[in-house]
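So this one's work_16.pdb, PDB, C-alpha atoms:
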```
MODEL        1
ATOM      1  CA  MET A 548      14.311   7.923  -9.683
ATOM      2  CA  ASP A 549      11.223   8.537 -11.791
ATOM      3  CA  THR A 550       7.726   7.768 -10.579
ATOM      4  CA  GLN A 551       7.100   4.979 -13.078
ATOM      5  CA  THR A 552      10.173   3.006 -11.992
ATOM      6  CA  LEU A 553       9.206   3.415  -8.383
ATOM      7  CA  VAL A 554       5.717   2.128  -9.076
ATOM      8  CA  ASP A 555       6.939  -0.852 -11.115
ATOM      9  CA  ASP A 556       9.304  -1.889  -8.348
ATOM     10  CA  LYS A 557       6.581  -1.479  -5.765
ATOM     11  CA  ILE A 558       4.185  -3.614  -7.789
ATOM     12  CA  HIS A 559       6.768  -6.354  -8.142
ATOM     13  CA  ALA A 560       7.702  -6.206  -4.446
ATOM     14  CA  GLY A 561       4.029  -6.271  -3.470
ATOM     15  CA  GLN A 562       3.488  -9.414  -5.530
ATOM     16  CA  ARG A 563       6.402 -11.129  -3.800
ATOM     17  CA  PHE A 564       5.117 -10.054  -0.428
ATOM     18  CA  ILE A 565       1.525 -11.241  -0.853
ATOM     19  CA  THR A 566       2.761 -14.472  -2.442
ATOM     20  CA  ARG A 567       4.949 -15.088   0.586
ATOM     21  CA  LEU A 568       2.097 -14.237   2.964
ATOM     22  CA  ALA A 569      -0.131 -16.757   1.197
ATOM     23  CA  GLN A 570       2.593 -19.385   1.422
ATOM     24  CA  LYS A 571       2.813 -18.717   5.153
ATOM     25  CA  LYS A 572      -0.961 -19.334   5.350
ATOM     26  CA  PHE A 573      -1.582 -15.662   6.101
ATOM     27  CA  GLU A 574      -4.898 -15.151   4.382
ATOM     28  CA  VAL A 575      -4.912 -12.474   1.686
ATOM     29  CA  ILE A 576      -8.425 -11.706   0.495
ATOM     30  CA  VAL A 577      -7.505  -8.774  -1.729
ATOM     31  CA  ALA A 578      -4.369  -6.688  -2.119
ATOM     32  CA  CYS A 579      -3.768  -3.414  -3.919
ATOM     33  CA  TRP A 580      -1.470  -0.420  -4.019
ATOM     34  CA  VAL A 581      -3.452   2.749  -3.462
ATOM     35  CA  LYS A 582      -2.344   6.310  -4.094
ATOM     36  CA  THR A 583      -4.685   8.350  -1.967
ATOM     37  CA  SER A 584      -5.801  11.854  -2.800
ATOM     38  CA  GLU A 585      -5.165  13.126   0.698
ATOM     39  CA  GLU A 586      -1.666  11.812   1.270
ATOM     40  CA  ASP A 587      -0.423  11.718  -2.333
ATOM     41  CA  ASP A 588       1.567   8.609  -1.494
ATOM     42  CA  TRP A 589       1.362   4.883  -2.201
ATOM     43  CA  PHE A 590       0.066   2.427   0.404
ATOM     44  CA  LEU A 591      -0.209  -1.330   0.119
ATOM     45  CA  TYR A 592      -3.655  -2.335   1.349
ATOM     46  CA  ILE A 593      -4.203  -5.963   2.247
ATOM     47  CA  ALA A 594      -7.573  -7.219   3.430
ATOM     48  CA  SER A 595      -7.138 -10.318   5.533
ATOM     49  CA  GLY A 596      -9.179 -12.602   7.734
ATOM     50  CA  GLU A 597      -6.144 -12.662  10.054
ATOM     51  CA  VAL A 598      -7.155  -9.166  11.229
ATOM     52  CA  ASP A 599     -10.658 -10.459  12.116
ATOM     53  CA  LYS A 600      -9.297 -13.557  13.871
ATOM     54  CA  LYS A 601      -6.200 -12.268  15.678
ATOM     55  CA  GLY A 602      -6.755  -8.548  15.915
ATOM     56  CA  LEU A 603      -5.015  -5.787  13.995
ATOM     57  CA  ALA A 604      -1.876  -5.555  16.139
ATOM     58  CA  GLU A 605      -1.087  -9.269  15.978
ATOM     59  CA  ALA A 606      -1.875  -9.434  12.236
ATOM     60  CA  TYR A 607       0.580  -6.565  11.683
ATOM     61  CA  ARG A 608       3.263  -8.343  13.726
ATOM     62  CA  GLU A 609       2.912 -11.463  11.560
ATOM     63  CA  ALA A 610       2.909  -9.504   8.317
ATOM     64  CA  TYR A 611       5.963  -7.495   9.388
ATOM     65  CA  ARG A 612       7.820 -10.727  10.211
ATOM     66  CA  VAL A 613       7.294 -11.827   6.602
ATOM     67  CA  LEU A 614       8.234  -8.403   5.260
ATOM     68  CA  GLU A 615      11.461  -8.381   7.292
ATOM     69  CA  GLU A 616      12.294 -11.873   6.067
ATOM     70  CA  LEU A 617      12.013 -10.707   2.448
ATOM     71  CA  ASP A 618      14.164  -7.652   3.156
ATOM     72  CA  MET A 619      12.609  -5.461   0.446
ATOM     73  CA  PRO A 620      13.203  -1.719   0.538
ATOM     74  CA  TRP A 621      10.221  -1.053  -1.729
ATOM     75  CA  ILE A 622       7.657  -1.653   0.993
ATOM     76  CA  THR A 623       8.114   0.172   4.289
ATOM     77  CA  ALA A 624       6.282  -0.659   7.486
ATOM     78  CA  SER A 625       4.371   2.599   7.335
ATOM     79  CA  GLN A 626       3.170   1.891   3.781
ATOM     80  CA  LEU A 627       1.503  -1.366   4.759
ATOM     81  CA  LYS A 628      -2.170  -1.100   5.686
ATOM     82  CA  LEU A 629      -3.992  -4.180   6.901
ATOM     83  CA  VAL A 630      -7.772  -4.100   6.960
ATOM     84  CA  ARG A 631     -10.533  -6.471   8.003
ATOM     85  CA  SER A 632     -12.229  -8.835   5.578
ATOM     86  CA  ASP A 633     -15.400  -6.714   5.646
ATOM     87  CA  ASP A 634     -13.658  -3.421   4.841
ATOM     88  CA  PRO A 635     -15.589  -1.545   2.123
ATOM     89  CA  LEU A 636     -12.591  -1.651  -0.230
ATOM     90  CA  VAL A 637     -12.889  -5.461  -0.501
ATOM     91  CA  ALA A 638     -16.112  -5.344  -2.517
ATOM     92  CA  ASP A 639     -14.707  -2.686  -4.854
ATOM     93  CA  VAL A 640     -11.489  -4.609  -5.476
ATOM     94  CA  LYS A 641     -13.339  -7.880  -6.059
ATOM     95  CA  GLU A 642     -15.615  -6.147  -8.524
ATOM     96  CA  THR A 643     -12.548  -5.068 -10.546
ATOM     97  CA  GLN A 644     -10.927  -8.496 -10.225
ATOM     98  CA  HIS A 645     -13.967 -10.158 -11.735
ATOM     99  CA  LEU A 646     -14.297  -7.867 -14.734
ATOM    100  CA  PRO A 647     -13.957 -10.063 -17.828
ATOM    101  CA  THR A 648     -11.426  -7.603 -19.282
ATOM    102  CA  ALA A 649      -9.253  -7.388 -16.164
ATOM    103  CA  ALA A 650      -5.535  -7.848 -16.815
ATOM    104  CA  PHE A 651      -3.247  -7.928 -13.783
ATOM    105  CA  PRO A 652      -2.076  -5.967 -12.032
ATOM    106  CA  ALA A 653      -5.279  -4.111 -12.904
ATOM    107  CA  ILE A 654      -4.673  -0.379 -13.031
ATOM    108  CA  SER A 655      -7.553   1.836 -12.133
ATOM    109  CA  HIS A 656      -7.923   5.609 -11.950
ATOM    110  CA  ARG A 657     -11.140   5.369  -9.977
ATOM    111  CA  PRO A 658     -11.711   8.344  -7.674
ATOM    112  CA  GLN A 659     -13.019   6.192  -4.847
ATOM    113  CA  LEU A 660     -12.088   2.808  -3.375
ATOM    114  CA  GLY A 661     -14.170   1.781  -0.412
ATOM    115  CA  ASP A 662     -14.206   4.853   1.818
ATOM    116  CA  MET A 663     -11.042   6.351   0.335
ATOM    117  CA  SER A 664     -10.583   9.088  -2.219
ATOM    118  CA  THR A 665      -7.978   7.756  -4.606
ATOM    119  CA  GLN A 666      -5.836   8.932  -7.487
ATOM    120  CA  GLU A 667      -4.641   5.574  -8.743
ATOM    121  CA  VAL A 668      -4.990   1.933  -7.739
ATOM    122  CA  TYR A 669      -3.061  -1.214  -8.706
ATOM    123  CA  ILE A 670      -4.990  -4.369  -7.968
ATOM    124  CA  TYR A 671      -3.369  -7.780  -7.655
ATOM    125  CA  PRO A 672      -5.118 -10.931  -8.856
ATOM    126  CA  ASP A 673      -6.560 -13.506  -6.471
ATOM    127  CA  VAL A 674      -3.872 -15.209  -4.448
ATOM    128  CA  ASP A 675      -4.302 -18.978  -4.424
ATOM    129  CA  PRO A 676      -1.652 -20.557  -2.136
ATOM    130  CA  ASP A 677      -1.506 -23.630  -4.379
ATOM    131  CA  LYS A 678      -0.759 -21.547  -7.450
ATOM    132  CA  VAL A 679       2.207 -19.709  -5.999
ATOM    133  CA  LEU A 680       4.522 -22.728  -5.836
ATOM    134  CA  LEU A 681       7.346 -22.239  -8.305
ATOM    135  CA  ARG A 682       9.547 -24.891  -9.933
ATOM    136  CA  GLN A 683      12.219 -24.777 -12.608
ATOM    137  CA  GLU A 684      12.482 -27.677 -15.005
ATOM    138  CA  PHE A 685      15.839 -29.184 -16.004
ATOM    139  CA  SER A 686      16.712 -32.219 -18.082
ATOM    140  CA  VAL A 687      19.948 -34.144 -17.707
ATOM    141  CA  THR A 688      20.912 -36.391 -20.630
ATOM    142  CA  TYR A 689      23.289 -39.318 -20.022
ATOM    143  CA  VAL A 690      25.115 -40.931 -22.970
ATOM    144  CA  ARG A 691      27.342 -43.945 -22.499
ATOM    145  CA  GLN A 692      30.860 -43.828 -24.005
ATOM    146  CA  GLU A 693      31.224 -46.898 -26.274
ATOM    147  CA  ASN A 694      31.044 -50.070 -24.179
ATOM    148  CA  THR A 695      32.465 -48.501 -21.038
ATOM    149  CA  ASN A 696      30.761 -47.587 -17.799
ATOM    150  CA  ILE A 697      31.529 -43.921 -18.376
ATOM    151  CA  TRP A 698      28.545 -41.691 -19.102
ATOM    152  CA  ASN A 699      28.621 -38.159 -20.442
ATOM    153  CA  ALA A 700      25.982 -35.976 -18.776
ATOM    154  CA  THR A 701      24.588 -32.750 -20.226
ATOM    155  CA  THR A 702      22.260 -30.460 -18.276
ATOM    156  CA  ARG A 703      19.692 -28.243 -19.994
ATOM    157  CA  GLU A 704      17.554 -25.552 -18.416
ATOM    158  CA  GLY A 705      13.834 -25.717 -19.004
ATOM    159  CA  GLY A 706      11.068 -23.298 -18.146
ATOM    160  CA  PHE A 707       9.465 -22.210 -14.889
ATOM    161  CA  HIS A 708       6.210 -23.782 -13.737
ATOM    162  CA  ARG A 709       3.890 -22.279 -11.170
ATOM    163  CA  GLY A 710       1.367 -24.290  -9.207
ATOM    164  CA  VAL A 711       3.191 -27.613  -9.647
ATOM    165  CA  ARG A 712       3.484 -29.610  -6.425
ATOM    166  CA  ALA A 713       5.880 -32.299  -7.744
ATOM    167  CA  LYS A 714       9.572 -31.675  -7.147
ATOM    168  CA  GLY A 715      12.893 -33.489  -7.465
ATOM    169  CA  ALA A 716      13.775 -36.029 -10.160
ATOM    170  CA  VAL A 717      10.352 -36.679 -11.632
ATOM    171  CA  SER A 718      10.998 -38.873 -14.673
ATOM    172  CA  TYR A 719      13.528 -41.270 -16.145
ATOM    173  CA  THR A 720      13.405 -41.986 -19.873
ATOM    174  CA  THR A 721      15.466 -44.418 -21.874
ATOM    175  CA  ALA A 722      15.229 -46.302 -25.168
ATOM    176  CA  PHE A 723      16.609 -49.652 -26.162
ATOM    177  CA  TYR A 724      16.185 -52.227 -28.868
ATOM    178  CA  GLU A 725      14.241 -55.391 -28.300
ATOM    179  CA  GLY A 726      16.397 -57.961 -26.585
ATOM    180  CA  GLU A 727      18.816 -55.410 -25.145
ATOM    181  CA  LYS A 728      19.568 -55.683 -21.443
ATOM    182  CA  PRO A 729      19.811 -52.685 -19.100
ATOM    183  CA  GLU A 730      23.585 -52.915 -19.248
ATOM    184  CA  ASP A 731      23.390 -52.497 -23.041
ATOM    185  CA  GLN A 732      21.576 -49.190 -22.784
ATOM    186  CA  ARG A 733      23.444 -46.205 -24.022
ATOM    187  CA  PHE A 734      21.127 -43.303 -23.362
ATOM    188  CA  ALA A 735      18.905 -41.889 -20.598
ATOM    189  CA  ILE A 736      17.195 -38.609 -19.744
ATOM    190  CA  VAL A 737      16.258 -37.559 -16.218
ATOM    191  CA  SER A 738      13.791 -34.690 -15.797
ATOM    192  CA  VAL A 739      14.040 -32.633 -12.636
ATOM    193  CA  LEU A 740      11.822 -30.005 -11.077
ATOM    194  CA  VAL A 741      13.845 -27.800  -8.732
ATOM    195  CA  GLU A 742      11.855 -26.140  -5.991
ATOM    196  CA  ILE A 743      12.381 -22.372  -5.839
ATOM    197  CA  ASP A 744      12.438 -21.095  -2.298
ATOM    198  CA  PRO A 745       9.660 -18.481  -2.069
ATOM    199  CA  ARG A 746      12.166 -15.972  -0.690
ATOM    200  CA  PHE A 747      13.932 -16.126  -4.071
ATOM    201  CA  ASP A 748      10.780 -16.010  -6.189
ATOM    202  CA  ASP A 749      12.015 -12.924  -7.930
ATOM    203  CA  ARG A 750      12.621 -12.525 -11.653
ATOM    204  CA  ALA A 751      15.808 -10.491 -11.323
ATOM    205  CA  PHE A 752      17.266 -12.920  -8.781
ATOM    206  CA  LEU A 753      16.422 -15.982 -10.883
ATOM    207  CA  GLU A 754      18.108 -14.490 -13.951
ATOM    208  CA  ARG A 755      21.421 -13.954 -12.170
ATOM    209  CA  PRO A 756      24.195 -16.245 -13.476
ATOM    210  CA  ASP A 757      25.156 -17.424  -9.977
ATOM    211  CA  THR A 758      21.529 -18.294  -9.202
ATOM    212  CA  ARG A 759      21.189 -20.209 -12.473
ATOM    213  CA  ARG A 760      24.373 -22.156 -11.708
ATOM    214  CA  MET A 761      23.158 -22.950  -8.190
ATOM    215  CA  LEU A 762      19.814 -24.250  -9.483
ATOM    216  CA  ALA A 763      21.546 -26.292 -12.201
ATOM    217  CA  ASP A 764      23.843 -27.826  -9.547
ATOM    218  CA  GLN A 765      20.811 -28.870  -7.525
ATOM    219  CA  ALA A 766      19.230 -30.366 -10.638
ATOM    220  CA  ARG A 767      22.418 -32.330 -11.468
ATOM    221  CA  ARG A 768      22.645 -33.741  -7.951
ATOM    222  CA  MET A 769      19.049 -34.941  -8.004
ATOM    223  CA  ALA A 770      19.345 -36.367 -11.517
ATOM    224  CA  ASP A 771      22.610 -38.159 -10.699
ATOM    225  CA  GLU A 772      21.017 -39.680  -7.603
ATOM    226  CA  LEU A 773      18.215 -41.200  -9.683
ATOM    227  CA  PHE A 774      20.559 -42.247 -12.491
ATOM    228  CA  THR A 775      23.069 -43.962 -10.191
ATOM    229  CA  SER A 776      20.243 -45.828  -8.466
ATOM    230  CA  LYS A 777      19.897 -47.606 -11.818
ATOM    231  CA  TYR A 778      23.606 -47.680 -12.671
ATOM    232  CA  PRO A 779      25.435 -47.751  -9.339
ATOM    233  CA  GLU A 780      28.790 -48.328 -11.059
ATOM    234  CA  ALA A 781      28.389 -45.461 -13.521
ATOM    235  CA  ILE A 782      31.177 -42.906 -13.776
ATOM    236  CA  ILE A 783      29.589 -39.605 -14.736
ATOM    237  CA  GLN A 784      31.506 -37.024 -16.742
ATOM    238  CA  ARG A 785      30.095 -33.605 -17.422
ATOM    239  CA  ASP A 786      29.776 -32.274 -20.952
ATOM    240  CA  VAL A 787      29.431 -28.558 -21.549
ATOM    241  CA  ASP A 788      26.134 -27.707 -19.907
ATOM    242  CA  HIS A 789      23.485 -25.607 -21.597
ATOM    243  CA  VAL A 790      22.880 -23.435 -18.571
TER     244      VAL A 790
ATOM    245  CA  MET B1137      15.560  31.664  10.688
ATOM    246  CA  ILE B1138      12.151  32.920  11.793
ATOM    247  CA  PHE B1139      10.628  31.736   8.497
ATOM    248  CA  ALA B1140      12.280  28.347   8.880
ATOM    249  CA  ALA B1141      10.784  28.037  12.369
ATOM    250  CA  LYS B1142       7.391  29.032  11.028
ATOM    251  CA  ASP B1143       7.591  26.362   8.304
ATOM    252  CA  PHE B1144       8.525  23.813  10.929
ATOM    253  CA  LEU B1145       5.528  24.784  13.045
ATOM    254  CA  ASN B1146       3.237  24.507  10.031
ATOM    255  CA  ASN B1147       4.637  21.056   9.288
ATOM    256  CA  CYS B1148       3.813  20.023  12.839
ATOM    257  CA  TRP B1149       0.206  21.162  12.520
ATOM    258  CA  ILE B1150      -0.800  17.814  10.999
ATOM    259  CA  HIS B1151      -2.277  14.462  12.044
ATOM    260  CA  ASP B1152       0.095  12.249  10.064
ATOM    261  CA  LEU B1153       1.921  10.223  12.735
ATOM    262  CA  GLU B1154       4.737   9.223  10.425
ATOM    263  CA  LYS B1155       5.520  12.830   9.497
ATOM    264  CA  LEU B1156       5.224  13.935  13.115
ATOM    265  CA  VAL B1157       7.750  11.311  14.158
ATOM    266  CA  GLU B1158      10.135  12.596  11.481
ATOM    267  CA  ASN B1159       9.601  16.219  12.538
ATOM    268  CA  ALA B1160      10.278  15.299  16.145
ATOM    269  CA  ASP B1161      13.476  13.562  15.080
ATOM    270  CA  LEU B1162      12.245  10.340  16.653
ATOM    271  CA  LYS B1163      12.261   8.110  13.587
ATOM    272  CA  VAL B1164      15.531   6.357  14.437
ATOM    273  CA  ASP B1165      14.365   5.744  18.006
ATOM    274  CA  ARG B1166      10.937   4.482  16.829
ATOM    275  CA  ASP B1167      12.455   2.189  14.178
ATOM    276  CA  GLY B1168      14.987   0.807  16.638
ATOM    277  CA  LEU B1169      12.310   0.048  19.208
ATOM    278  CA  SER B1170      10.073  -1.510  16.545
ATOM    279  CA  SER B1171      12.795  -3.915  15.539
ATOM    280  CA  THR B1172      13.459  -5.086  19.101
ATOM    281  CA  ASN B1173      10.007  -4.818  20.665
ATOM    282  CA  LYS B1174       7.419  -6.613  18.525
ATOM    283  CA  ALA B1175       4.596  -5.693  20.892
ATOM    284  CA  PHE B1176       5.339  -2.004  20.327
ATOM    285  CA  GLN B1177       5.723  -2.608  16.582
ATOM    286  CA  GLY B1178       2.196  -4.023  16.374
ATOM    287  CA  TYR B1179       0.714  -1.249  18.519
ATOM    288  CA  TRP B1180       2.444   1.421  16.464
ATOM    289  CA  ALA B1181       1.005  -0.105  13.269
ATOM    290  CA  VAL B1182      -2.514   0.077  14.714
ATOM    291  CA  ALA B1183      -2.068   3.680  15.836
ATOM    292  CA  LYS B1184      -0.571   4.829  12.524
ATOM    293  CA  ASP B1185      -3.761   3.789  10.699
ATOM    294  CA  TRP B1186      -5.795   6.355  12.602
ATOM    295  CA  THR B1187      -6.520   9.423  10.510
ATOM    296  CA  GLU B1188      -8.504  12.568  11.120
ATOM    297  CA  LYS B1189     -11.013  11.150   8.630
ATOM    298  CA  SER B1190     -11.253   7.697  10.208
ATOM    299  CA  ARG B1191     -12.416   9.211  13.509
ATOM    300  CA  TYR B1192     -15.818   9.724  11.838
ATOM    301  CA  ASP B1193     -16.057   6.112  10.633
ATOM    302  CA  VAL B1194     -18.368   3.761  12.490
ATOM    303  CA  LYS B1195     -16.227   1.240  14.356
ATOM    304  CA  THR B1196     -17.081  -1.811  16.407
ATOM    305  CA  GLU B1197     -16.413  -1.938  20.133
ATOM    306  CA  SER B1198     -13.540  -4.376  19.623
ATOM    307  CA  GLN B1199     -11.933  -2.064  17.056
ATOM    308  CA  ALA B1200     -12.236   0.863  19.448
ATOM    309  CA  LYS B1201     -10.688  -1.190  22.269
ATOM    310  CA  GLU B1202      -7.921  -2.278  19.929
ATOM    311  CA  LEU B1203      -6.961   1.333  19.228
ATOM    312  CA  ILE B1204      -7.135   2.313  22.908
ATOM    313  CA  GLU B1205      -4.915  -0.631  23.834
ATOM    314  CA  ALA B1206      -2.408   0.261  21.095
ATOM    315  CA  ILE B1207      -2.123   3.776  22.503
ATOM    316  CA  THR B1208      -2.248   3.142  26.234
ATOM    317  CA  HIS B1209      -0.781  -0.323  26.753
ATOM    318  CA  GLU B1210       1.837  -0.333  29.529
ATOM    319  CA  PRO B1211       4.698  -0.603  28.825
ATOM    320  CA  ASP B1212       4.547  -1.226  25.052
ATOM    321  CA  GLY B1213       1.897   1.224  23.817
ATOM    322  CA  VAL B1214       2.494   4.314  21.710
ATOM    323  CA  LEU B1215       1.744   6.881  24.430
ATOM    324  CA  PRO B1216       4.212   5.480  27.008
ATOM    325  CA  TRP B1217       6.894   5.674  24.312
ATOM    326  CA  ILE B1218       6.013   9.255  23.388
ATOM    327  CA  ARG B1219       6.004  10.254  27.073
ATOM    328  CA  LYS B1220       9.599   9.132  27.368
ATOM    329  CA  HIS B1221      10.498  11.886  24.915
ATOM    330  CA  TRP B1222       8.466  14.736  26.431
TER     331      TRP B1222
ENDMDL
END
```

Any chance you could put this one into structure tokens?
Amino acid sequence: MDTQTLVDDKIHAGQRFITRLAQKKFEVIVACWVKTSEEDDWFLYIASGEVDKKGLAEAYREAYRVLEELDMPWITASQLKLVRSDDPLVADVKETQHLPTAAFPAISHRPQLGDMSTQEVYIYPDVDPDKVLLRQEFSVTYVRQENTNIWNATTREGGFHRGVRAKGAVSYTTAFYEGEKPEDQRFAIVSVLVEIDPRFDDRAFLERPDTRRMLADQARRMADELFTSKYPEAIIQRDVDHV
Amino acid sequence: MIFAAKDFLNNCWIHDLEKLVENADLKVDRDGLSSTNKAFQGYWAVAKDWTEKSRYDVKTESQAKELIEAITHEPDGVLPWIRKHW
């Protein structure tokens, strides 16, 4: 395993971890991977008000609970370092975060971070609990067969949206000519936002075929529920889905 | 064999708790206890953050007490666990 791969995986795992902490209302003021000069190893530093409020031992217990729940080999218990909100590294990390040119994760070769001598530092962006919510958009199109009550339904995957609170079947769209009654309608689209469980907020996991099928199934169920509330007698047949 | 023993001794002449636990062949025991005893897990985490450099940092009284508790707490502190293996 080469160093670069290890670091990339650690960065990705760290993002998942701090996202999950924020979702669990565990305050994350700043977070960064630090390769210290003395130990020549990577440590994930997280400055948190939880350490100030609950003490270091209890803050660690809570953070470890989240880490165990995520079951990620890329962050070990000994690599995690929690520090207080007034630790000297906080000011240094915030200074980097607020540089107008900062792209994240911000990579820095600064020799010093707070009180530590460092070789390399990866700094995560601000964690806003409201911005970590993840949804995937789907649209399900229903087309009536001739004058029957049979509808062909086609599901299409849309993109991912972060920071969107709405979830479930969020819109119903149809079109009909003037004078047509609901029973004359031949076409409808239901848009769905499927909530992604934070434990699965992982690019590799979301790209897996079985995960995509599972999410599409959830979307279909929610769309069908809304559609059949308007057409309780509808018989829904599935076309080839674009998933 | 003598050289191997000398290397081992040199590797023990360190302050890194994690490496010391590995050298003492106590990692499996420590990890097992950490997974079943959350009080110990938290105390171990506090103790592991101590370094030979951090002893010169200015700490508050509550931080000092926190470290003492993590080491000496009966029965879940770090020292009672180490004593079991003396």

Near chain B, meaning an atom within 8 Å, which residues of chain A appear when counting only C-alpha atoms? Write them as a list in words.
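Only these qualify: Gly602, Leu603, Ala604, Glu605, Ala606, Tyr607, Arg608, Ala624, Ser625 and Lys628 of chain A.
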
Between A:Lys572, A:Arg631, A:Arg703, A:Lys601, which one has atoms that come closest to Thr1196 in chain B, using all atoms listed in the file?
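With all atoms listed in the file as the atom set, the closest residue is A:Arg631.
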
When you look at Glu574 in chain A with a cut-off of 12 Å (counting all atoms listed in the file), what residues show up, excluding the ones that are within fewer than 3 positions of it in the same chain? I need them as a list of chain:residue names.
A:Ile565, A:Thr566, A:Arg567, A:Leu568, A:Ala569, A:Gln570, A:Lys571, A:Val577, A:Ala578, A:Ile593, A:Ala594, A:Ser595, A:Gly596, A:Glu597, A:Val598, A:Asp599, A:Lys600, A:Lys601, A:Ala606, A:Glu609, A:Ala610, A:Leu629, A:Val630, A:Arg631, A:Ser632, A:Asp673, A:Val674, A:Asp675, A:Pro676

How would you write, as a PyMOL selection string, the residues chosen by the PyMOL selection byres ((chain A and resi 669) around 7) on this structure?
chain A and resi 579-581+652-655+667-668+670-671

Polymer residues at most 10 Å from Lys641 in chain A, all atoms listed in the file, same-chain spacing of 2 or more positions, as an mmCIF file with C-alpha atoms, in the frame of the given file:
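As written to disk, part-v6.cif reads:
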```
data_model
loop_
_atom_site.group_PDB
_atom_site.id
_atom_site.type_symbol
_atom_site.label_atom_id
_atom_site.label_comp_id
_atom_site.auth_asym_id
_atom_site.auth_seq_id
_atom_site.Cartn_x
_atom_site.Cartn_y
_atom_site.Cartn_z
ATOM 1 C CA ILE A 576 -8.425 -11.706 0.495
ATOM 2 C CA VAL A 577 -7.505 -8.774 -1.729
ATOM 3 C CA ALA A 578 -4.369 -6.688 -2.119
ATOM 4 C CA LEU A 636 -12.591 -1.651 -0.230
ATOM 5 C CA VAL A 637 -12.889 -5.461 -0.501
ATOM 6 C CA ALA A 638 -16.112 -5.344 -2.517
ATOM 7 C CA ASP A 639 -14.707 -2.686 -4.854
ATOM 8 C CA THR A 643 -12.548 -5.068 -10.546
ATOM 9 C CA GLN A 644 -10.927 -8.496 -10.225
ATOM 10 C CA HIS A 645 -13.967 -10.158 -11.735
ATOM 11 C CA LEU A 646 -14.297 -7.867 -14.734
ATOM 12 C CA ILE A 670 -4.990 -4.369 -7.968
ATOM 13 C CA PRO A 672 -5.118 -10.931 -8.856
ATOM 14 C CA ASP A 673 -6.560 -13.506 -6.471
#
```

As an exercise, work out the distance from CA of Gln562 in chain A to CA of Val741 in chain A in Å and give it to one decimal place.
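So the answer is 21.3 Å.
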
Using all atoms listed in the file, which of B:Val1194, B:Asn1159, B:Ile1218, B:His1209 sits nearest Asp1143 in chain B?
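When distances to Asp1143 in chain B are compared using all atoms listed in the file, the smallest one comes from B:Asn1159.
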
Could you jot down the CA of Ala763 in chain A to CA of Ile736 in chain A separation for me, Å, one decimal place?
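Taking CA of Ala763 in chain A and CA of Ile736 in chain A, their separation equals 15.1 Å.
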
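Taking CA of Leu740 in chain A and CA of Arg760 in chain A as the two end points, the separation is 14.8 Å.
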
Would you pick out the contacts of Trp1222 in chain B at 12 Å or less, using all atoms listed in the file, so that residues sharing its chain but fewer than 5 positions from it are not included, and give the list as a PyMOL selection string?
chain B and resi 1160+1162+1215-1217
